[in-house]
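Undergrad: Dropping a structure here in structure tokens format, bear with me for questions.
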Amino acid sequence: MIDRYSRDEIKNIWSLQSKFNYYLNVELAVCEAYAKLGIFPSDEIRTLRDTATFDLKRIEDVEREVKHDVIAFLTSVNESVGDLAKYLHVGMTSSDVIDTAFSLQIQDSGKIIMNDLNAVISTLRKLAIKHKDTICIGRSHGVHAEVMTFGIKLCSWIDILKRQRINFANALEQIRVGQVSGPVGTYSNIPPEVEEITCENLGLKPVKISTQVIARDYHAYFMQSLALIASVIEQFATEIRHLQRTEVLEVEEGFGQAQKGSSAMPHKKNPVLSENLCGLARVVRANSFAALEDIPLWHERDISHSSTERIIFPDSLILVDFMLARFNNILENLVVHKDNMLKNTDRFGGIIFSQKVLLKLIEKGLTREEAYRIVQRNAIEAFEHEGDFKANLLEDSDVNSRLTKKEIEEIFDKRAFLQNIDVIYSRVLE
């Protein structure tokens, strides 16, 4: 089974070559902003854009000596443009390049994640429609509760993911900010208008205030949105794992003809994809905690956040992209055992109809306490002895003296639980 995912695309966004491409785009956008304001000659800036380039090996060699990646990058670019180098990095500080480029990387990665979310929601929608009337048992505390449908369960997942899509979109929009404000963010050697034009041309908004860096609560909020996506995927994957247990067996992950579940036990078909997703969610959540630790920097700035972000942002974005694609693959190949779902609702002679029996006895004049005692007695006896709840009711004089056989039979109609599911579907899907 092959997952269809675009992690290589996100991986490329965060490659070293790509990072310096983003740096160069920021530097050139600043030069063009100066030209638009009439400070730099437009024709020379056009030439600068056409000729500016860099060499990774050269950057690495210079950085080994100067111990500063932006200076090494600028050295390589300057060597490619000759006298036009005088227009580069004027009035700027390193973080103007780094943080603005960082925002661009996040935006481009975020578009991929958004497409992934849309794909999963679309797949879930098709499944929810298909299984709108697929009766299954609802559970609370892991114990049988009352009848529902598998489609309703999927509607819950859709609602959760739609909410995370909104949350992610909000986080992505909040972090769509750039800065070109110079040391400690005071525009001491660069006009604020340069920042405004630069950000507009890059598809960003000027951050309202920077302190030589963009405040890291922006980034922490974005990472929290990724952690939420990962966590709800884990929620869904955990449900699939439970439903695939041998004694439940209501759904299964798709299992390829050549696939093997165990090196020792040939009968095994394990929910390994869902288990994988649960493990990866822990990594994304842990990374979000690291992003929170990046918020308190010293004074106007330090670079304690930098080493952390070089790991947690590409890793988390690649992982969430992978997780969404893998989960979509699971859904597309999910095996739904309708017969087992139906069989599980009938365990112990339908003890999950206990509330309906309770309400019917109350309707016939018993107090709630009296009715509860009678119903619980018959239900527990069936549960503890692999018995038949309905048969117990038919033989119980406290019950059959108040309810006819026909009334008891009518109580055990599964469709009665589903009379209002159209309301749920209209809220979630339409």
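Just remember, in the structure tokens the first chain shown is A, the second B, etc., residues are 1-based per chain, and ligands are 1-based in the order shown.
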Per residue of range 24-125 of chain A within 12 Å of range 135-154 of chain A, which atom pair is closest and at what distance in Å (one decimal), using only C-alpha atoms, listed by chain and increasing number, as a tab-separated table?
TA:
```
residue	atom	partner	partner_atom	distance
A:Val120	CA	A:Leu154	CA	11.5
A:Ile121	CA	A:Leu154	CA	9.9
A:Ser122	CA	A:Leu154	CA	11.5
A:Thr123	CA	A:Leu154	CA	10.2
A:Leu124	CA	A:Leu154	CA	6.5
A:Arg125	CA	A:Leu154	CA	7.8
```
Undergrad: Print the selection's residues with N, CA, C and O atoms to a file, as a compact mmCIF listing (two decimals), in the first residue's frame.
TA:
```
# COMPACT_ATOMS: atom_id res chain seq x y z
N VAL A 120 -8.87 15.19 2.75
CA VAL A 120 -9.36 14.28 3.78
C VAL A 120 -10.84 14.54 4.07
O VAL A 120 -11.64 13.60 4.19
N ILE A 121 -11.21 15.81 4.18
CA ILE A 121 -12.61 16.15 4.45
C ILE A 121 -13.50 15.65 3.31
O ILE A 121 -14.61 15.13 3.54
N SER A 122 -13.03 15.77 2.08
CA SER A 122 -13.80 15.29 0.93
C SER A 122 -13.98 13.77 0.99
O SER A 122 -15.08 13.25 0.74
N THR A 123 -12.92 13.04 1.33
CA THR A 123 -13.02 11.59 1.44
C THR A 123 -13.98 11.18 2.56
O THR A 123 -14.80 10.27 2.40
N LEU A 124 -13.87 11.87 3.69
CA LEU A 124 -14.77 11.58 4.81
C LEU A 124 -16.22 11.86 4.45
O LEU A 124 -17.13 11.11 4.84
N ARG A 125 -16.45 12.92 3.71
CA ARG A 125 -17.81 13.26 3.29
C ARG A 125 -18.42 12.13 2.46
O ARG A 125 -19.58 11.74 2.67
```
Undergrad: Would you please extract all strand (DSSP E) residues from range 132-274 of chain A, as assigned by DSSP on the backbone, and give them as a PyMOL selection string?
TA: chain A and resi 135-140+143-149+177-178+205-206+251-252
Undergrad: So that I can check the surroundings of Val248 in chain A, please list as a VMD selection string every protein, DNA and RNA residue that reaches within 10 Å of it, counting only C-alpha atoms and ignoring chain neighbours fewer than 5 positions away.
TA: chain A and resid 242 to 243 337 340 to 341 343 to 344
Undergrad: Store the residues picked out above, limited to C-alpha atoms, as an mmCIF file, in the first residue's frame.
TA:
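Output contents, as saved in out.cif:
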```cif
data_model
loop_
_atom_site.group_PDB
_atom_site.id
_atom_site.type_symbol
_atom_site.label_atom_id
_atom_site.label_comp_id
_atom_site.auth_asym_id
_atom_site.auth_seq_id
_atom_site.Cartn_x
_atom_site.Cartn_y
_atom_site.Cartn_z
ATOM 1 C CA HIS A 242 -10.153 -0.085 18.572
ATOM 2 C CA LEU A 243 -12.684 -1.034 15.909
ATOM 3 C CA HIS A 337 -17.833 -4.901 8.282
ATOM 4 C CA ASN A 340 -20.301 -7.295 12.553
ATOM 5 C CA MET A 341 -21.537 -3.814 13.359
ATOM 6 C CA LYS A 343 -24.168 -8.220 15.305
ATOM 7 C CA ASN A 344 -22.520 -6.123 18.018
#
```
Undergrad: Please give the complete set of residues from range 146-268 of chain A that DSSP, run on the backbone, assigns to helix (DSSP H, G or I), formatted as a ChimeraX atom specification.
TA: /A:150-174,183-185,192-202,217-243
Undergrad: Would you pick out the contacts of Asn287 in chain A at 9 Å or less, using only C-alpha atoms, so that residues sharing its chain but fewer than 6 positions from it are not included, and give the list as a PDB file with all heavy atoms, in the first residue's frame?
TA:
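Okay, result.pdb is ready:
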```pdb
ATOM      1  N   MET A 223       2.383  26.570  15.242  1.00  0.00           N
ATOM      2  CA  MET A 223       2.772  25.208  15.605  1.00  0.00           C
ATOM      3  C   MET A 223       1.685  24.515  16.415  1.00  0.00           C
ATOM      4  O   MET A 223       1.487  23.300  16.302  1.00  0.00           O
ATOM      5  CB  MET A 223       4.086  25.229  16.387  1.00  0.00           C
ATOM      6  CG  MET A 223       5.298  25.553  15.533  1.00  0.00           C
ATOM      7  SD  MET A 223       5.688  24.236  14.353  1.00  0.00           S
ATOM      8  CE  MET A 223       6.284  22.975  15.465  1.00  0.00           C
ATOM      9  N   GLN A 224       0.958  25.276  17.231  1.00  0.00           N
ATOM     10  CA  GLN A 224      -0.156  24.693  17.972  1.00  0.00           C
ATOM     11  C   GLN A 224      -1.246  24.212  17.015  1.00  0.00           C
ATOM     12  O   GLN A 224      -1.890  23.180  17.253  1.00  0.00           O
ATOM     13  CB  GLN A 224      -0.736  25.716  18.954  1.00  0.00           C
ATOM     14  CG  GLN A 224       0.194  26.107  20.094  1.00  0.00           C
ATOM     15  CD  GLN A 224       0.549  24.943  20.982  1.00  0.00           C
ATOM     16  OE1 GLN A 224      -0.317  24.218  21.453  1.00  0.00           O
ATOM     17  NE2 GLN A 224       1.838  24.748  21.220  1.00  0.00           N
ATOM     18  N   ALA A 227      -0.188  20.953  15.779  1.00  0.00           N
ATOM     19  CA  ALA A 227      -0.326  19.950  16.837  1.00  0.00           C
ATOM     20  C   ALA A 227      -1.782  19.515  16.988  1.00  0.00           C
ATOM     21  O   ALA A 227      -2.071  18.337  17.242  1.00  0.00           O
ATOM     22  CB  ALA A 227       0.200  20.495  18.163  1.00  0.00           C
ATOM     23  N   THR A 308      16.212  25.676  17.259  1.00  0.00           N
ATOM     24  CA  THR A 308      14.990  24.898  17.457  1.00  0.00           C
ATOM     25  C   THR A 308      14.133  24.907  16.206  1.00  0.00           C
ATOM     26  O   THR A 308      13.660  23.857  15.734  1.00  0.00           O
ATOM     27  CB  THR A 308      14.178  25.480  18.636  1.00  0.00           C
ATOM     28  OG1 THR A 308      15.014  25.590  19.777  1.00  0.00           O
ATOM     29  CG2 THR A 308      12.976  24.609  18.955  1.00  0.00           C
ATOM     30  N   ILE A 311      14.668  22.735  13.126  1.00  0.00           N
ATOM     31  CA  ILE A 311      14.251  21.340  13.245  1.00  0.00           C
ATOM     32  C   ILE A 311      12.731  21.217  13.254  1.00  0.00           C
ATOM     33  O   ILE A 311      12.150  20.476  12.457  1.00  0.00           O
ATOM     34  CB  ILE A 311      14.827  20.708  14.538  1.00  0.00           C
ATOM     35  CG1 ILE A 311      16.348  20.714  14.491  1.00  0.00           C
ATOM     36  CG2 ILE A 311      14.289  19.292  14.747  1.00  0.00           C
ATOM     37  CD1 ILE A 311      17.011  20.348  15.812  1.00  0.00           C
ATOM     38  N   ILE A 312      12.079  21.953  14.149  1.00  0.00           N
ATOM     39  CA  ILE A 312      10.661  21.675  14.415  1.00  0.00           C
ATOM     40  C   ILE A 312       9.735  22.103  13.283  1.00  0.00           C
ATOM     41  O   ILE A 312       8.707  21.459  13.057  1.00  0.00           O
ATOM     42  CB  ILE A 312      10.204  22.308  15.751  1.00  0.00           C
ATOM     43  CG1 ILE A 312      10.283  23.842  15.705  1.00  0.00           C
ATOM     44  CG2 ILE A 312      10.999  21.742  16.916  1.00  0.00           C
ATOM     45  CD1 ILE A 312       9.712  24.515  16.956  1.00  0.00           C
ATOM     46  N   PHE A 313      10.081  23.169  12.544  1.00  0.00           N
ATOM     47  CA  PHE A 313       9.165  23.611  11.496  1.00  0.00           C
ATOM     48  C   PHE A 313       9.172  22.678  10.284  1.00  0.00           C
ATOM     49  O   PHE A 313       8.100  22.189   9.882  1.00  0.00           O
ATOM     50  CB  PHE A 313       9.446  25.064  11.105  1.00  0.00           C
ATOM     51  CG  PHE A 313       8.656  26.036  11.914  1.00  0.00           C
ATOM     52  CD1 PHE A 313       9.083  26.389  13.190  1.00  0.00           C
ATOM     53  CD2 PHE A 313       7.474  26.579  11.442  1.00  0.00           C
ATOM     54  CE1 PHE A 313       8.352  27.279  13.965  1.00  0.00           C
ATOM     55  CE2 PHE A 313       6.730  27.454  12.203  1.00  0.00           C
ATOM     56  CZ  PHE A 313       7.162  27.812  13.469  1.00  0.00           C
ATOM     57  N   ASP A 315      10.209  19.596  10.166  1.00  0.00           N
ATOM     58  CA  ASP A 315       9.783  18.273  10.624  1.00  0.00           C
ATOM     59  C   ASP A 315       8.275  18.208  10.816  1.00  0.00           C
ATOM     60  O   ASP A 315       7.608  17.266  10.365  1.00  0.00           O
ATOM     61  CB  ASP A 315      10.484  17.906  11.936  1.00  0.00           C
ATOM     62  CG  ASP A 315      11.896  17.375  11.721  1.00  0.00           C
ATOM     63  OD1 ASP A 315      12.378  17.454  10.571  1.00  0.00           O
ATOM     64  OD2 ASP A 315      12.511  16.903  12.689  1.00  0.00           O
ATOM     65  N   SER A 316       7.711  19.194  11.486  1.00  0.00           N
ATOM     66  CA  SER A 316       6.272  19.167  11.784  1.00  0.00           C
ATOM     67  C   SER A 316       5.435  19.324  10.524  1.00  0.00           C
ATOM     68  O   SER A 316       4.411  18.646  10.361  1.00  0.00           O
ATOM     69  CB  SER A 316       5.921  20.263  12.795  1.00  0.00           C
ATOM     70  OG  SER A 316       6.511  20.001  14.044  1.00  0.00           O
TER      71      SER A 316
END
```
Undergrad: For Glu239 in chain A, please output as number ranges by chain all residues within 10 Å (counting only C-alpha atoms; exclusion window: fewer than 5 positions along the same chain).
TA: A: 153, 233-234, 244, 251, 274
Undergrad: Please report as a tab-separated table every residue of range 294-356 of chain A lying within 10 Å of range 368-390 of chain A, along with the nearest atom pair and their distance in Å (one decimal), using only C-alpha atoms.
TA:
```
residue	atom	partner	partner_atom	distance
A:Asp346	CA	A:Asp388	CA	9.3
A:Arg347	CA	A:Asp388	CA	8.2
A:Phe348	CA	A:Asp388	CA	5.0
A:Gly349	CA	A:Asp388	CA	3.9
A:Gly350	CA	A:Phe389	CA	6.0
A:Ile351	CA	A:Phe389	CA	5.5
A:Ile352	CA	A:Ala379	CA	8.7
A:Phe353	CA	A:Phe389	CA	8.9
A:Ser354	CA	A:Val375	CA	6.4
A:Gln355	CA	A:Val375	CA	8.4
A:Lys356	CA	A:Val375	CA	9.8
```
Undergrad: If you count only C-alpha atoms, which residues fall within 10 Å of Ser109 in chain A, apart from same-chain ones fewer than 4 positions away, as an mmCIF file with N, CA and C atoms, in the first residue's frame?
TA:
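Written file, result.cif:
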```cif
data_model
loop_
_atom_site.group_PDB
_atom_site.id
_atom_site.type_symbol
_atom_site.label_atom_id
_atom_site.label_comp_id
_atom_site.auth_asym_id
_atom_site.auth_seq_id
_atom_site.Cartn_x
_atom_site.Cartn_y
_atom_site.Cartn_z
ATOM 1 N N ARG A 7 5.240 15.074 0.718
ATOM 2 C CA ARG A 7 6.258 15.472 1.686
ATOM 3 C C ARG A 7 7.539 15.920 0.993
ATOM 4 N N GLU A 9 7.665 17.707 -1.638
ATOM 5 C CA GLU A 9 7.449 19.104 -2.002
ATOM 6 C C GLU A 9 7.733 20.016 -0.813
ATOM 7 N N ILE A 10 7.222 19.634 0.355
ATOM 8 C CA ILE A 10 7.500 20.428 1.553
ATOM 9 C C ILE A 10 8.972 20.306 1.932
ATOM 10 N N LYS A 11 9.520 19.128 1.798
ATOM 11 C CA LYS A 11 10.940 18.934 2.090
ATOM 12 C C LYS A 11 11.791 19.875 1.245
ATOM 13 N N ASN A 12 11.440 20.033 -0.019
ATOM 14 C CA ASN A 12 12.193 20.926 -0.904
ATOM 15 C C ASN A 12 12.092 22.380 -0.465
ATOM 16 N N ILE A 13 10.919 22.770 0.054
ATOM 17 C CA ILE A 13 10.750 24.142 0.542
ATOM 18 C C ILE A 13 11.752 24.449 1.647
ATOM 19 N N TRP A 14 12.085 23.423 2.445
ATOM 20 C CA TRP A 14 12.958 23.627 3.602
ATOM 21 C C TRP A 14 14.394 23.174 3.353
ATOM 22 N N SER A 103 8.703 33.333 6.905
ATOM 23 C CA SER A 103 7.258 33.468 6.696
ATOM 24 C C SER A 103 6.848 32.950 5.323
ATOM 25 N N LEU A 104 7.671 33.206 4.325
ATOM 26 C CA LEU A 104 7.359 32.724 2.977
ATOM 27 C C LEU A 104 7.398 31.198 2.921
ATOM 28 N N GLN A 105 8.365 30.602 3.579
ATOM 29 C CA GLN A 105 8.439 29.140 3.624
ATOM 30 C C GLN A 105 7.204 28.554 4.307
ATOM 31 N N ILE A 113 -0.585 21.883 3.164
ATOM 32 C CA ILE A 113 -1.355 21.321 4.278
ATOM 33 C C ILE A 113 -2.847 21.597 4.075
ATOM 34 N N MET A 114 -3.186 22.783 3.615
ATOM 35 C CA MET A 114 -4.591 23.121 3.393
ATOM 36 C C MET A 114 -5.202 22.213 2.326
ATOM 37 N N LEU A 172 -2.299 30.470 9.833
ATOM 38 C CA LEU A 172 -1.510 30.736 8.629
ATOM 39 C C LEU A 172 -1.618 32.205 8.233
ATOM 40 N N PHE A 313 10.081 23.169 12.544
ATOM 41 C CA PHE A 313 9.165 23.611 11.496
ATOM 42 C C PHE A 313 9.172 22.678 10.284
ATOM 43 N N PRO A 314 10.321 22.385 9.682
ATOM 44 C CA PRO A 314 10.269 21.433 8.567
ATOM 45 C C PRO A 314 9.770 20.060 8.999
ATOM 46 N N LEU A 317 5.855 20.204 9.636
ATOM 47 C CA LEU A 317 5.091 20.392 8.401
ATOM 48 C C LEU A 317 5.158 19.154 7.518
ATOM 49 N N ILE A 318 6.334 18.551 7.411
ATOM 50 C CA ILE A 318 6.461 17.314 6.638
ATOM 51 C C ILE A 318 5.626 16.205 7.277
ATOM 52 N N ASP A 321 1.784 16.814 6.801
ATOM 53 C CA ASP A 321 1.475 16.501 5.406
ATOM 54 C C ASP A 321 1.398 14.983 5.212
#
```
Undergrad: Pick the closest to Glu60 in chain A from A:Leu16, A:Ile411, A:Ile421, A:Val177: which is it, counting only C-alpha atoms?
TA: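 Distance minimum relative to Glu60 in chain A lands on A:Leu16.
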Undergrad: Extract, using only C-alpha atoms, all DNA, RNA and protein residues at most 9 Å from range 92-97 of chain A, discarding same-chain residues fewer than 2 positions from it, and format them as a list of chain:residue names.
TA: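 So the residues in contact are A:Tyr22, A:Tyr23, A:Leu24, A:Val26, A:Glu27, A:Val70, A:Ile71, A:Leu88, A:His89, A:Val90, A:Asp99, A:Thr100, A:Ala101, A:Phe102, A:Gly178, A:Gln179, A:Val180, A:Ser181, A:Gly182, A:Pro183, A:Val184, A:Tyr187, A:Asn189, A:Ile190, A:Gln212, A:Val213, A:Ile214.
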Undergrad: State, in Å with one decimal place, the distance from CA of Val320 in chain A to CA of Ala169 in chain A.
TA: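 Computed distance, CA of Val320 in chain A to CA of Ala169 in chain A, equals 14.6 Å.
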Undergrad: Between CA of Asn21 in chain A and CA of Phe289 in chain A, measure the distance and give it in Å to one decimal.
TA: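 Distance between the two atoms: 29.2 Å.
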